[in-house]
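Remarks on the structure that follows.
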Protein chains: 6
Amino acid sequence: MATVDMIEYEEASPEVRQVYDDIMATRKVDWINNFWKVLAVQPELLRRTWEGVKEVMAPGAIDAVTKEMIYVAVSVTNGCEYCINSHTAGARKKGMSEEMLSELMAVIGMANQTNALANGFQIEVDEDFRRGGLG
Amino acid sequence: MATVDMIEYEEASPEVRQVYDDIMATRKVDWINNFWKVLAVQPELLRRTWEGVKEVMAPGAIDAVTKEMIYVAVSVTNGCEYCINSHTAGARKKGMSEEMLSELMAVIGMANQTNALANGFQIEVDEDFRRGGLG
Amino acid sequence: MATVDMIEYEEASPEVRQVYDDIMATRKVDWINNFWKVLAVQPELLRRTWEGVKEVMAPGAIDAVTKEMIYVAVSVTNGCEYCINSHTAGARKKGMSEEMLSELMAVIGMANQTNALANGFQIEVDEDFRRGGLG
Amino acid sequence: MATVDMIEYEEASPEVRQVYDDIMATRKVDWINNFWKVLAVQPELLRRTWEGVKEVMAPGAIDAVTKEMIYVAVSVTNGCEYCINSHTAGARKKGMSEEMLSELMAVIGMANQTNALANGFQIEVDEDFRRGGLG
Amino acid sequence: MATVDMIEYEEASPEVRQVYDDIMATRKVDWINNFWKVLAVQPELLRRTWEGVKEVMAPGAIDAVTKEMIYVAVSVTNGCEYCINSHTAGARKKGMSEEMLSELMAVIGMANQTNALANGFQIEVDEDFRRGGLG
Amino acid sequence: MATVDMIEYEEASPEVRQVYDDIMATRKVDWINNFWKVLAVQPELLRRTWEGVKEVMAPGAIDAVTKEMIYVAVSVTNGCEYCINSHTAGARKKGMSEEMLSELMAVIGMANQTNALANGFQIEVDEDFRRGGLG
């Protein structure tokens, strides 16, 4: 249960409604999920976060379903229940198959394992990898 | 500096060399990076980890560059210096452009922010998102 | 549900009761929350943890409500449900307004985002920031 | 070493320079720190992140030095070297005394300890704390 | 509720049943826990993960109950509810007493606290500790 | 480089020297490591932390080397460079063999992987594991 009261569309200020309307139009849905109804307790936080998410998640050099899977990878690593559920749903809606979900989880699991091994043994970065392999 | 001594190819046992050879053949490189030279202190750990990585990172329902970007997303969230550098290099080698790298970071940053907001306000998962949107 | 049985005041040993009494007196409440009833399974762990919390959370150079908000920031970043709820309650009791709560969450969210960006791009610490700006 | 090339003021596009100028004017400094010079590889990421930080860190219901200390708390919990150094510097500049720094660290340390205990024993949230003590 | 449908023994393919049989035989139990029933959505992921767990958790230079306690330490630090519950159960089954559980939690709590202090003050590794004290 | 100045034995107050003397006597060493020299900036923080560590790390129901390995497991999962190095050194000094170190890392790696899988698929805790298998 959220630590603040959620703001429903009916009781929202015009400023908040404008954001809600944009969320529904952008996502082609007719309801607002809890995340935004909670952020609406501070309209500026709602607006800024929505605008950021909208810009960042729009397809660009990386396509929309890949962006959702990356979002899931971060959310799993942080153990965020809300975000794992919402972005797994988002990824499925944008085309992630069940096979892709399993592979996504396999990669996330393997990365968490080798991250621990690299940290655990305090392995030094190879010169060739420095700067992420930038020439 | 690693907490154990790394095992160079020249001094490696036949069992370890076999894994080193497979790594170089699979990745089409002529050198072994520090990660594997450290794991080689326990040949079983080396073999098991390499076989896992090889299976998981092979292109399947998700392509190779996307898998590398997912690996980066986990590594950034865990703050693993070795893995961020090595998998950014891996992703670039497999085709990640500079524009894709920036978008990847933007998604990772945004996900870490909204994970914190969802946790911070203790937002409840919407029924429609439960089970990751599974019908 | 806790992985051990909680110790209620009525069944507590004199040693545990003494800590319970001090908790209620210090916090001006007439009940003991689950956290302490669980730690009481090992009286030394209960005593040491309570004494630490009591010392650390007493107002000093930093006031009590700010200390609670810092506690919330850590708990959100770790995703600790118990601690987010209990310390949000503690901060409210000590004077945190709803506006402050929203700003707190906005700062926590932003910090998690820029932490990820700094790690993700492996940004080097500026000389002027080294040692936290110590002259 | 950052995984991308940093953009210096002299070589920056007008769009990037405008952000750099605003950073220096807002912070009353005459140099740009590495964080922004890296984000500038994607001007939109630079602009969006700077505007977010500027809005969020401006004094409001919570004062500027407290916001910096909250930022430090998150950065320590995430283990972000860049952010710990830069925001410790920022907090000092805005008035954090050495005594406050020690108390800040003591609270962060204690919170990380009790977060682990609450998770470790799987302690249930007390009804009175649910919703962060919201009546 | 898992984001995928679990695979029960009765409906499992021969490949999956073989792993289920090996789990029950190795652990001397007559049921399969949810973790494996979920991984079975991708038989390769199930097989690979089970084989890894089986190899790693077998008593070797470190005994079985100590390995379970180490597993708990990681799971607590990551805040993984499933894993804390399952591996606390596993450790108890293999001989962890209630006194050991309390000491385990005390060590985990203290480690999380001093990790935060070491990161928070950005303390440099002593030369004598470099390489984990390797001579 | 630490964000505060370290306090050497020669310049320490009697209160701090007393703690330093106890650390050296308890650990049978003739030098003080950086961790304590930094905490000494706030004598209360130094004293409280040392007393906690001393109590918690003393052999009890769990032996000393196992406690050090648990400490390493937490430190690796948090990615704390200082703590990984110092507690790997501590574990070696108390009897951890190279074979034990490799097995420790293998368990830590596996636990981080399965934690991610359990979180990622949002797997529900089995009734039999609830309360950590407490009857």
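Each chain of the structure tokens is named A, B, ... in the order shown, its residues numbered from 1; ligands are numbered from 1 in display order.
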Mind checking DSSP for chain A and telling me the helix (DSSP H, G or I) residues as a ChimeraX atom specification?
/A:9-11,14-27,34-39,43-57,64-78,81-93,98-120,127-133
Written file, previous selection with C-alpha atoms, as an mmCIF file, in the first residue's frame:
```
data_model
loop_
_atom_site.group_PDB
_atom_site.id
_atom_site.type_symbol
_atom_site.label_atom_id
_atom_site.label_comp_id
_atom_site.auth_asym_id
_atom_site.auth_seq_id
_atom_site.Cartn_x
_atom_site.Cartn_y
_atom_site.Cartn_z
ATOM 1 C CA TYR A 9 -8.443 11.247 -12.571
ATOM 2 C CA GLU A 10 -11.755 12.607 -11.319
ATOM 3 C CA GLU A 11 -10.189 14.490 -8.432
ATOM 4 C CA PRO A 14 -6.097 20.406 -14.568
ATOM 5 C CA GLU A 15 -2.278 20.285 -14.485
ATOM 6 C CA VAL A 16 -2.307 16.646 -13.410
ATOM 7 C CA ARG A 17 -5.115 15.721 -15.822
ATOM 8 C CA GLN A 18 -3.078 17.072 -18.698
ATOM 9 C CA VAL A 19 -0.289 14.639 -17.877
ATOM 10 C CA TYR A 20 -2.749 11.773 -17.390
ATOM 11 C CA ASP A 21 -4.300 12.536 -20.777
ATOM 12 C CA ASP A 22 -0.895 12.532 -22.429
ATOM 13 C CA ILE A 23 0.017 9.203 -20.804
ATOM 14 C CA MET A 24 -3.187 7.586 -22.060
ATOM 15 C CA ALA A 25 -2.832 9.068 -25.551
ATOM 16 C CA THR A 26 0.847 8.120 -25.872
ATOM 17 C CA ARG A 27 0.301 4.590 -24.618
ATOM 18 C CA ASN A 34 -0.698 3.407 -9.839
ATOM 19 C CA PHE A 35 2.804 4.727 -10.435
ATOM 20 C CA TRP A 36 1.533 7.977 -11.933
ATOM 21 C CA LYS A 37 -1.379 8.301 -9.489
ATOM 22 C CA VAL A 38 1.176 8.325 -6.684
ATOM 23 C CA LEU A 39 3.643 10.726 -8.305
ATOM 24 C CA PRO A 43 2.594 17.657 -9.916
ATOM 25 C CA GLU A 44 6.110 18.763 -10.830
ATOM 26 C CA LEU A 45 7.505 15.315 -10.010
ATOM 27 C CA LEU A 46 4.745 13.738 -12.114
ATOM 28 C CA ARG A 47 5.344 15.989 -15.100
ATOM 29 C CA ARG A 48 9.145 15.765 -15.012
ATOM 30 C CA THR A 49 9.170 11.984 -14.600
ATOM 31 C CA TRP A 50 6.607 11.392 -17.335
ATOM 32 C CA GLU A 51 8.398 13.642 -19.793
ATOM 33 C CA GLY A 52 11.664 11.873 -19.054
ATOM 34 C CA VAL A 53 10.161 8.403 -19.471
ATOM 35 C CA LYS A 54 8.367 9.451 -22.676
ATOM 36 C CA GLU A 55 11.552 10.820 -24.248
ATOM 37 C CA VAL A 56 13.785 7.975 -23.118
ATOM 38 C CA MET A 57 11.454 5.111 -24.045
ATOM 39 C CA ALA A 64 10.947 -0.086 -28.110
ATOM 40 C CA VAL A 65 10.891 -3.733 -27.046
ATOM 41 C CA THR A 66 14.648 -3.792 -26.440
ATOM 42 C CA LYS A 67 14.302 -0.695 -24.259
ATOM 43 C CA GLU A 68 11.635 -2.441 -22.200
ATOM 44 C CA MET A 69 13.873 -5.488 -21.769
ATOM 45 C CA ILE A 70 16.744 -3.271 -20.606
ATOM 46 C CA TYR A 71 14.311 -1.692 -18.132
ATOM 47 C CA VAL A 72 13.431 -5.157 -16.854
ATOM 48 C CA ALA A 73 17.135 -6.017 -16.451
ATOM 49 C CA VAL A 74 17.691 -3.001 -14.205
ATOM 50 C CA SER A 75 14.483 -3.632 -12.243
ATOM 51 C CA VAL A 76 15.375 -7.278 -11.597
ATOM 52 C CA THR A 77 18.856 -6.345 -10.423
ATOM 53 C CA ASN A 78 17.350 -3.787 -8.043
ATOM 54 C CA GLU A 81 8.578 -5.719 -7.651
ATOM 55 C CA TYR A 82 6.434 -2.959 -9.145
ATOM 56 C CA CYS A 83 8.846 -2.299 -11.999
ATOM 57 C CA ILE A 84 9.500 -5.967 -12.817
ATOM 58 C CA ASN A 85 5.768 -6.572 -13.200
ATOM 59 C CA SER A 86 4.971 -3.381 -15.084
ATOM 60 C CA HIS A 87 7.898 -3.546 -17.505
ATOM 61 C CA THR A 88 7.533 -7.285 -18.148
ATOM 62 C CA ALA A 89 3.954 -6.416 -19.100
ATOM 63 C CA GLY A 90 5.212 -3.505 -21.198
ATOM 64 C CA ALA A 91 7.767 -5.663 -22.988
ATOM 65 C CA ARG A 92 5.174 -8.349 -23.743
ATOM 66 C CA LYS A 93 2.794 -5.741 -25.107
ATOM 67 C CA GLU A 98 7.985 -16.106 -24.022
ATOM 68 C CA GLU A 99 11.220 -17.387 -25.501
ATOM 69 C CA MET A 100 12.688 -13.893 -25.370
ATOM 70 C CA LEU A 101 11.592 -13.541 -21.734
ATOM 71 C CA SER A 102 13.418 -16.733 -20.804
ATOM 72 C CA GLU A 103 16.555 -15.659 -22.624
ATOM 73 C CA LEU A 104 16.315 -12.235 -21.000
ATOM 74 C CA MET A 105 16.227 -13.853 -17.566
ATOM 75 C CA ALA A 106 19.102 -16.177 -18.460
ATOM 76 C CA VAL A 107 21.268 -13.200 -19.457
ATOM 77 C CA ILE A 108 20.297 -11.222 -16.341
ATOM 78 C CA GLY A 109 21.095 -14.203 -14.124
ATOM 79 C CA MET A 110 24.446 -14.864 -15.790
ATOM 80 C CA ALA A 111 25.409 -11.177 -15.599
ATOM 81 C CA ASN A 112 24.645 -11.052 -11.886
ATOM 82 C CA GLN A 113 26.794 -14.142 -11.393
ATOM 83 C CA THR A 114 29.829 -12.917 -13.306
ATOM 84 C CA ASN A 115 29.518 -9.430 -11.774
ATOM 85 C CA ALA A 116 29.911 -11.121 -8.390
ATOM 86 C CA LEU A 117 32.887 -13.177 -9.578
ATOM 87 C CA ALA A 118 34.634 -10.137 -11.063
ATOM 88 C CA ASN A 119 34.083 -8.144 -7.872
ATOM 89 C CA GLY A 120 34.806 -11.082 -5.615
ATOM 90 C CA GLU A 127 43.837 -2.732 -21.220
ATOM 91 C CA ASP A 128 41.902 -3.766 -24.345
ATOM 92 C CA PHE A 129 38.592 -3.311 -22.513
ATOM 93 C CA ARG A 130 39.465 0.062 -20.976
ATOM 94 C CA ARG A 131 37.063 2.744 -22.094
ATOM 95 C CA GLY A 132 34.668 0.004 -23.145
ATOM 96 C CA GLY A 133 36.897 -1.031 -26.028
#
```
For chain A, which residue out of D:Leu134, D:Ala61, D:Ile7, D:Ala40 is the nearest one, using only C-alpha atoms?
D:Leu134
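Using only C-alpha atoms for every distance, the candidate list D:Glu124, D:Glu8, D:Asp63, D:Asp30 yields D:Glu124 as the residue closest to chain E.
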Of the candidates D:Lys28, D:Val41, D:Phe121, D:Ser13, which one gets nearest to chain B if we count only C-alpha atoms?
D:Val41
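Atom CA of Gly79 of chain D lies 14.6 Å from atom CA of Met1 of chain F.
Minimum atom-to-atom distance to chain F, evaluated using only C-alpha atoms, belongs to B:Cys80 out of B:Cys80, B:Ile123, B:Ala12, B:Val29.
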Give me, please, the distance in Å between atom CA of Gly60 of chain D and atom CA of Gln42 of chain A, quoted to one decimal.
12.5 Å
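Atom CA of Lys94 of chain C is positioned 16.1 Å from atom CA of Thr3 of chain A.
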